[in-house]
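Asker: The structure follows.
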Amino acid sequence: MLSKALLRLGASAARHPWRVIAAWLIAATLAVLAAVAFGGRTADSMTAPGLDSRRAAELIERAGTGQEGMTAQVVVTPLDDGATFFDDDGARTALTRLRAEVKRLPHVLGTSDPAGALDAGGDTAVRGGLVSADGRIAVVRVQYPDQSRLSAEDLDALVDLGDRLRAELPLRIEMGGNLFYVFSDPDGGASELIGLLAAAAILFLAFGSLVAAALPIGMAVFGLTVGVATMTVLAGVTEVPTFAPVLGSMVGLGVGIDYALFVLARHREYLARGLDPREAAGRAVATAGRPVVFAGGTVVVSILGLAVANVPFMTVGGLAVSIVVLTMVVASVTLLPAFLGAAGPRLARAGRMGRALQTRKLGRLARRRDPAAGAAHAAGWRRWIGHVSQHPVPYAVGAAGLLLTATLPVLGLRVGLPDDGSLPHSRTERRAYDLVAEGFGPGTNGPLVIAADPTGDPGVLDRLVATVAADPGIASVAPTHIDRATGIATLVVFPTTSPQDKATADTIARLRTDVLPTAIGHGPARAHVGGAAASLSDVGQRTSQRLPVFVAAVLAMSFLLLMLVFRSILVPLKAVLLNLLSIGAAYGIMVAVFQWGWGGALIGLEATVPIVSFIPMFLFAILFGLSMDYEVFLLSRVREEYLRTGDNSTAIVEGVSRTARIITSAALIMVAVFLSFAVAEDPSTKMFGLGLATAIFIDATVVRMVLVPATMTLLGRTNWWLPKWLDWMLPRGPVGTDDTDAESTGEAPRPRLVDR
């Protein structure tokens with residue numbers, strides 16, 4: 001059985017702590033060395049097979065125009081407020097030098113020449129989108145080769161050149177483009193440190209001991225090092241999206257410290273009973289480690305389920321995050337018991353600082369870990385759960401109504417991708433975005449690329465240009481580029497609206513369904529709409545289409561696993577429904593903050609933005625798995641009490657009250673870690689941080705401490721109903737818990753959990 005295996009594993013690690021710690025040190029060192037030697041950098045390819053934008057990219061690659069590569073843009077304006085590039089020879093000379101310096105950078109294939117266009121005639125420069133109509137703003141577009149031939153060094157070279165030329169030229173110089181999006185370092189370093197410090201403070205207040213507080217942090221750091229290094233090695237083999245390290249760090253820290261807290265709390269309970277530290281560590285891993293393994297496995301399986309979206313970057317991103325979670329699970333049942341064995345009996349008592357805190361009001365949290373104070377604290381939770389159980393209907397209706405109200409904004413959810421206009425003004429990408437929007441219109445920041453193969457219809461290109469230019473959503477069309485060898489033509493068109501505007505997605509859809517078919521007719525020619533804005537719109541549509549299938553698959557899997565664990569039908573059904581409520585409420589709050597702007601200033605959000613297209617699916621996978629942590633931990637204890645007493649009401653009150661302290665402490669730590677990422681600069685990171693923090697807070701408070709006891713009270717003994725035929729069919733393997741589990745951990749045998 002699983003418990004017996006965990007008992008042996010935990011006891012062995014506690015008996016030989018330094019061997020296990022040394023093994024983890026070696027593993028971490030090897031992982032870091034492998035990351036340095038074989039690792040790659042994260043990169044983004046926001047596309048998927050079968051999408052229209054992908055077909056456009058394939059045509060462009062076939063034509064070899066270079067437009068399939070990476071781009072950057074250098075946006076400049078004279079420092080003299082009254083000067084324009086039309087009449088200021090000094091500014092024009094500076095612009096010529098800037099363009100020449102950029103063109104000499106490594107891997108640059110070519111640049112646009114606004115100064116040359118001005119010399120040819122001001123109208124030429126304006127029509128080409130190189131100089132604004134008032135002559136105040138000029139753009140040097142920089143073309144790079146395919147992403148696979150570039151690295152962060154190319155971005156660094158461009159940024160360093162800009163820093164040098166700002167001091168030498170009479171120009172204000174700002175930069176942007178997808179080179180920045182792909183190779184800028186993701187947010188996360190400072191957030192990870194803030195999250196660790198917040199978790200350490202909460203753990204110290206909860207345990208009153210520096211040693212006890214340090215062990216979960218140390219385990220999480222070890223696990224995060226190995227997990228992120230392994231993710232870096234994976235990036236050397238395949239394309240790992242840039243958000244994966246940030247998301248992996250966020251989730252890894254949260255679950256790692258949570259899992260360690262569950263095991264450490266049970267270990268201290270056994271120490272308080274007088275058990276030897278090594279035996280206590282083994283039993284703690286056998287009991288608390290079982291729900292940790294199950295919950296961690298659920299998180300991993302849920303995230304790997306992202307493959308159903310058939311979006312490669314989401315599949316690989318999910319795999320990368322799963323590696324970190326799996327590493328934390330392994331660390332919880334091997335490295336943590338080694339730490340517990342090395343710490344010995346010191347974990348049974350608070351340190352001097354903890355005892356000092358116990359003399360003050362702040363010390364109330366620390367006293368919770370002393371047996372007498374812990375009993376008093378459990379009594380407080382027992383009174384609350386008993387009160388909820390005595391009034392189940394109003395509490396169930398009120399809590400469910402509150403969550404349903406918070407879910408309502410989901411009806412207005414709009415997916416997309418925040419553009420550079422959502423970044424803070426401290427970033428050069430945001431300042432470049434604002435200058436381009438001011439001088440050329442917002443759509444210039446997100447051009448569309450129409451790739452056309454006019455095979456068999458030489459007149460199609462003229463019709464295509466005319467019909468596209470006539471569309472009300474298109475501001476201008478750049479001159480057509482035709483590849484002589486293949487005949488494939490590319491048209492760069494500029495919408496009237498910004499990349500993240502819903503009207504831009506509508507324009508893309510209209511081009512595909514009305515404009516292009518009208519121009520092409522029924523002949524053999526074909527045309528497709530590509531570009532970054534089109535690719536992201538396509539990915540958003542695909543994830544939205546696949547989300548119901550993914551949700552149904554995760555719900556079905558979770559129901560079956562919980563039925564195996566608790567050998568009940570109504571308990572897993574209730575868990576699935578309540579988890580949906582908490583996740584829906586988190587989605588609603590995200591819409592209110594990011595799309596409606598409610599409280600956005602509190603997390604540094606400077607403008608409203610759509611929800612990133614792939615985040616709802618990612619959040620559902622992660623949150624459903626994380627919510628299972630608390631579900632399994634809480635219901636495992638309720639189930640133990642039901643097996644011991646046979647009374648449903650007593651089991652609910654005792655089981656929930658005994659786990660309430662641990663669940664609320666764990667949730668507080670996880671919320672602190674996630675909120676530390678909500679203040680990052682990147683809106684995507686903010687969404688992940690706020691969404692995860694909100695859902696965990698709701699799940700650990702409203703759901704676990706109100707809805708669970710209220711609904712279980714209303715269901716009564718039917719909570720544990722299982723048909724005889726189904727009980728006979730269900731396996732009694734390593735997932736569930738039976739009498740042998742209790743025997744393996746030294747507990748008294750208990751009756752089987754089937755209500756006949």
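Please note that chains go A, B, ... in the order of the structure tokens, that every chain numbers its residues from 1, and that ligands are numbered from 1 in the order shown.
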Neighbours of A:Val300 within 10 Å (only C-alpha atoms; same-chain residues fewer than 2 positions away dropped), as a ChimeraX atom specification?

Answerer: /A:294-298,302-305,318-319,321-326,621-622,625-626

Asker: May I have the residues within 8 Å of A:Asn579 as number ranges by chain, using only C-alpha atoms and disregarding those fewer than 6 positions away in the same chain?

Answerer: A: 624, 627, 699

Asker: Using only C-alpha atoms, which residue out of A:Ala206, A:Leu335, A:Leu605, A:Val632 lies closest to A:Leu423?

Answerer: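 Checking each of A:Ala206, A:Leu335, A:Leu605, A:Val632 against A:Leu423, counting only C-alpha atoms, the winner is A:Leu605.
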
Asker: I'd like the contact shell of stretch 33-39 of chain A - 12 Å cut-off, only C-alpha atoms, skipping same-chain residues fewer than 3 positions apart - returned as a CSV table (one decimal) with N, CA, C and O atoms, in the first residue's frame.

Answerer:
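That gives us result06.csv:
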chain,number,residue,atom,x,y,z
A,26,ILE,N,23.6,17.1,-4.5
A,26,ILE,CA,24.3,16.6,-5.8
A,26,ILE,C,23.3,16.7,-6.9
A,26,ILE,O,23.7,17.2,-8.0
A,27,ALA,N,22.0,16.4,-6.7
A,27,ALA,CA,21.0,16.5,-7.8
A,27,ALA,C,20.8,17.9,-8.2
A,27,ALA,O,20.7,18.2,-9.4
A,28,ALA,N,20.8,18.9,-7.2
A,28,ALA,CA,20.6,20.3,-7.6
A,28,ALA,C,21.8,20.8,-8.3
A,28,ALA,O,21.7,21.5,-9.3
A,29,THR,N,23.0,20.4,-7.9
A,29,THR,CA,24.3,20.8,-8.6
A,29,THR,C,24.3,20.3,-10.1
A,29,THR,O,24.6,21.0,-11.0
A,30,LEU,N,24.0,19.0,-10.2
A,30,LEU,CA,24.0,18.4,-11.6
A,30,LEU,C,22.9,19.1,-12.4
A,30,LEU,O,23.1,19.3,-13.6
A,42,THR,N,14.0,30.5,-23.0
A,42,THR,CA,12.6,30.5,-23.3
A,42,THR,C,12.3,31.3,-24.5
A,42,THR,O,12.9,32.3,-24.8
A,225,THR,N,15.0,24.9,-7.3
A,225,THR,CA,16.3,24.9,-8.0
A,225,THR,C,16.3,23.7,-9.0
A,225,THR,O,16.7,23.9,-10.2
A,226,VAL,N,16.0,22.6,-8.5
A,226,VAL,CA,16.0,21.4,-9.4
A,226,VAL,C,15.0,21.5,-10.5
A,226,VAL,O,15.2,21.2,-11.7
A,227,GLY,N,13.8,21.9,-10.2
A,227,GLY,CA,12.7,22.0,-11.1
A,227,GLY,C,12.9,23.0,-12.2
A,227,GLY,O,12.7,22.7,-13.4
A,228,VAL,N,13.3,24.2,-11.9
A,228,VAL,CA,13.6,25.3,-12.9
A,228,VAL,C,14.8,24.9,-13.7
A,228,VAL,O,14.8,25.2,-14.9
A,229,ALA,N,15.8,24.3,-13.1
A,229,ALA,CA,17.0,23.9,-13.9
A,229,ALA,C,16.6,22.9,-14.9
A,229,ALA,O,17.0,22.9,-16.1
A,230,THR,N,15.7,21.9,-14.5
A,230,THR,CA,15.3,20.9,-15.4
A,230,THR,C,14.4,21.5,-16.6
A,230,THR,O,14.5,21.1,-17.7
A,231,MET,N,13.6,22.5,-16.2
A,231,MET,CA,12.9,23.3,-17.2
A,231,MET,C,13.8,23.9,-18.2
A,231,MET,O,13.5,24.0,-19.4
A,232,THR,N,14.9,24.5,-17.8
A,232,THR,CA,15.9,25.1,-18.7
A,232,THR,C,16.5,24.1,-19.6
A,232,THR,O,16.7,24.4,-20.8
A,233,VAL,N,16.8,22.9,-19.1
A,233,VAL,CA,17.3,21.8,-20.0
A,233,VAL,C,16.2,21.5,-21.0
A,233,VAL,O,16.5,21.3,-22.2
A,234,LEU,N,15.0,21.4,-20.6
A,234,LEU,CA,13.9,21.2,-21.6
A,234,LEU,C,13.8,22.2,-22.6
A,234,LEU,O,13.5,21.9,-23.8
A,235,ALA,N,14.1,23.5,-22.3
A,235,ALA,CA,14.1,24.6,-23.3
A,235,ALA,C,15.2,24.4,-24.3
A,235,ALA,O,15.1,25.0,-25.4
A,236,GLY,N,16.3,23.6,-24.0
A,236,GLY,CA,17.3,23.3,-25.0
A,236,GLY,C,16.9,22.3,-26.0
A,236,GLY,O,17.5,22.1,-27.0
A,237,VAL,N,15.8,21.6,-25.7
A,237,VAL,CA,15.3,20.5,-26.5
A,237,VAL,C,14.1,21.0,-27.4
A,237,VAL,O,14.0,20.6,-28.5
A,238,THR,N,13.2,21.7,-26.7
A,238,THR,CA,12.0,22.2,-27.4
A,238,THR,C,11.8,23.7,-27.0
A,238,THR,O,12.4,24.2,-26.1
A,239,GLU,N,10.8,24.3,-27.6
A,239,GLU,CA,10.5,25.7,-27.3
A,239,GLU,C,9.6,25.8,-26.1
A,239,GLU,O,8.4,25.5,-26.1
A,240,VAL,N,10.2,26.3,-25.0
A,240,VAL,CA,9.4,26.5,-23.7
A,240,VAL,C,9.0,28.0,-23.7
A,240,VAL,O,9.8,28.9,-23.9

Asker: Go ahead and compute the interatomic distance for atom CA of A:Asp647 and atom CA of A:Thr711, in Å to one decimal.

Answerer: 15.7 Å

Asker: What's the separation between atom CA of A:Phe614 and atom CA of A:Met70, in Å to one decimal place?

Answerer: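 Straight-line distance from atom CA of A:Phe614 to atom CA of A:Met70 works out to 22.2 Å.
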
Asker: Just want the 12 Å neighbourhood of A:Ile21, counted on only C-alpha atoms, with same-chain residues fewer than 5 positions away dropped. Output as a list in words.

Answerer: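 Counting only C-alpha atoms, the residues come to Ala13, Ala14, Arg15, His16, Ile26, Ala27, Ala28, Gly218, Met219, Phe222, Gly223, Ala331, Thr334, Leu335, Leu336, Pro337, Ala338, Phe339, Leu340, Gly341 and Ala342 of chain A.
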
Asker: I'd like the neighbourhood of stretch 426-434 of chain A as a PyMOL selection string, where a residue qualifies if any of its atoms comes within 8 Å (using only C-alpha atoms), though same-chain residues fewer than 2 positions away should be ignored.

Answerer: chain A and resi 74-75+174-177+180+420-424+436-438+445

Asker: Export N, CA, C and O atoms of the chosen residues as a JSON list (two decimals), in the first residue's frame?

Answerer:
[["chain", "number", "residue", "atom", "x", "y", "z"],
["A", 74, "VAL", "N", 12.68, 51.12, -33.85],
["A", 74, "VAL", "CA", 13.29, 52.22, -33.11],
["A", 74, "VAL", "C", 12.50, 53.48, -33.45],
["A", 74, "VAL", "O", 12.43, 53.90, -34.61],
["A", 75, "VAL", "N", 11.87, 54.05, -32.45],
["A", 75, "VAL", "CA", 11.00, 55.21, -32.63],
["A", 75, "VAL", "C", 11.72, 56.44, -32.09],
["A", 75, "VAL", "O", 12.22, 56.43, -30.96],
["A", 174, "GLU", "N", 13.22, 55.56, -28.41],
["A", 174, "GLU", "CA", 12.49, 54.49, -27.72],
["A", 174, "GLU", "C", 12.45, 53.27, -28.63],
["A", 174, "GLU", "O", 12.57, 53.39, -29.85],
["A", 175, "MET", "N", 12.28, 52.09, -28.04],
["A", 175, "MET", "CA", 12.35, 50.85, -28.81],
["A", 175, "MET", "C", 11.23, 49.89, -28.41],
["A", 175, "MET", "O", 10.77, 49.89, -27.27],
["A", 176, "GLY", "N", 10.82, 49.08, -29.38],
["A", 176, "GLY", "CA", 9.82, 48.05, -29.12],
["A", 176, "GLY", "C", 9.88, 46.99, -30.19],
["A", 176, "GLY", "O", 10.87, 46.87, -30.92],
["A", 177, "GLY", "N", 8.82, 46.19, -30.29],
["A", 177, "GLY", "CA", 8.79, 45.12, -31.28],
["A", 177, "GLY", "C", 8.84, 43.75, -30.63],
["A", 177, "GLY", "O", 9.08, 43.60, -29.43],
["A", 180, "PHE", "N", 11.70, 42.34, -28.33],
["A", 180, "PHE", "CA", 11.63, 42.60, -26.89],
["A", 180, "PHE", "C", 10.70, 41.59, -26.22],
["A", 180, "PHE", "O", 11.00, 41.08, -25.13],
["A", 420, "ASP", "N", 1.85, 46.33, -25.80],
["A", 420, "ASP", "CA", 2.81, 47.13, -25.05],
["A", 420, "ASP", "C", 2.16, 48.36, -24.41],
["A", 420, "ASP", "O", 2.75, 48.97, -23.51],
["A", 421, "GLY", "N", 0.97, 48.72, -24.85],
["A", 421, "GLY", "CA", 0.28, 49.85, -24.24],
["A", 421, "GLY", "C", -0.18, 49.58, -22.82],
["A", 421, "GLY", "O", -0.58, 50.50, -22.11],
["A", 422, "SER", "N", -0.13, 48.32, -22.38],
["A", 422, "SER", "CA", -0.51, 47.98, -21.01],
["A", 422, "SER", "C", 0.68, 47.92, -20.08],
["A", 422, "SER", "O", 0.52, 47.72, -18.87],
["A", 423, "LEU", "N", 1.89, 48.09, -20.60],
["A", 423, "LEU", "CA", 3.09, 48.08, -19.76],
["A", 423, "LEU", "C", 3.23, 49.42, -19.04],
["A", 423, "LEU", "O", 2.69, 50.43, -19.48],
["A", 424, "PRO", "N", 3.97, 49.46, -17.94],
["A", 424, "PRO", "CA", 4.16, 50.74, -17.23],
["A", 424, "PRO", "C", 4.99, 51.71, -18.06],
["A", 424, "PRO", "O", 5.78, 51.31, -18.93],
["A", 436, "VAL", "N", 4.26, 55.78, -31.38],
["A", 436, "VAL", "CA", 3.74, 55.28, -32.66],
["A", 436, "VAL", "C", 2.24, 55.53, -32.76],
["A", 436, "VAL", "O", 1.74, 55.97, -33.82],
["A", 437, "ALA", "N", 1.51, 55.27, -31.69],
["A", 437, "ALA", "CA", 0.06, 55.51, -31.70],
["A", 437, "ALA", "C", -0.25, 56.98, -31.91],
["A", 437, "ALA", "O", -1.19, 57.34, -32.63],
["A", 438, "GLU", "N", 0.57, 57.85, -31.31],
["A", 438, "GLU", "CA", 0.36, 59.29, -31.46],
["A", 438, "GLU", "C", 0.63, 59.76, -32.89],
["A", 438, "GLU", "O", -0.11, 60.57, -33.44],
["A", 445, "ASN", "N", 0.75, 49.75, -34.32],
["A", 445, "ASN", "CA", 1.46, 48.91, -33.37],
["A", 445, "ASN", "C", 1.17, 47.42, -33.56],
["A", 445, "ASN", "O", 1.85, 46.59, -32.95]]
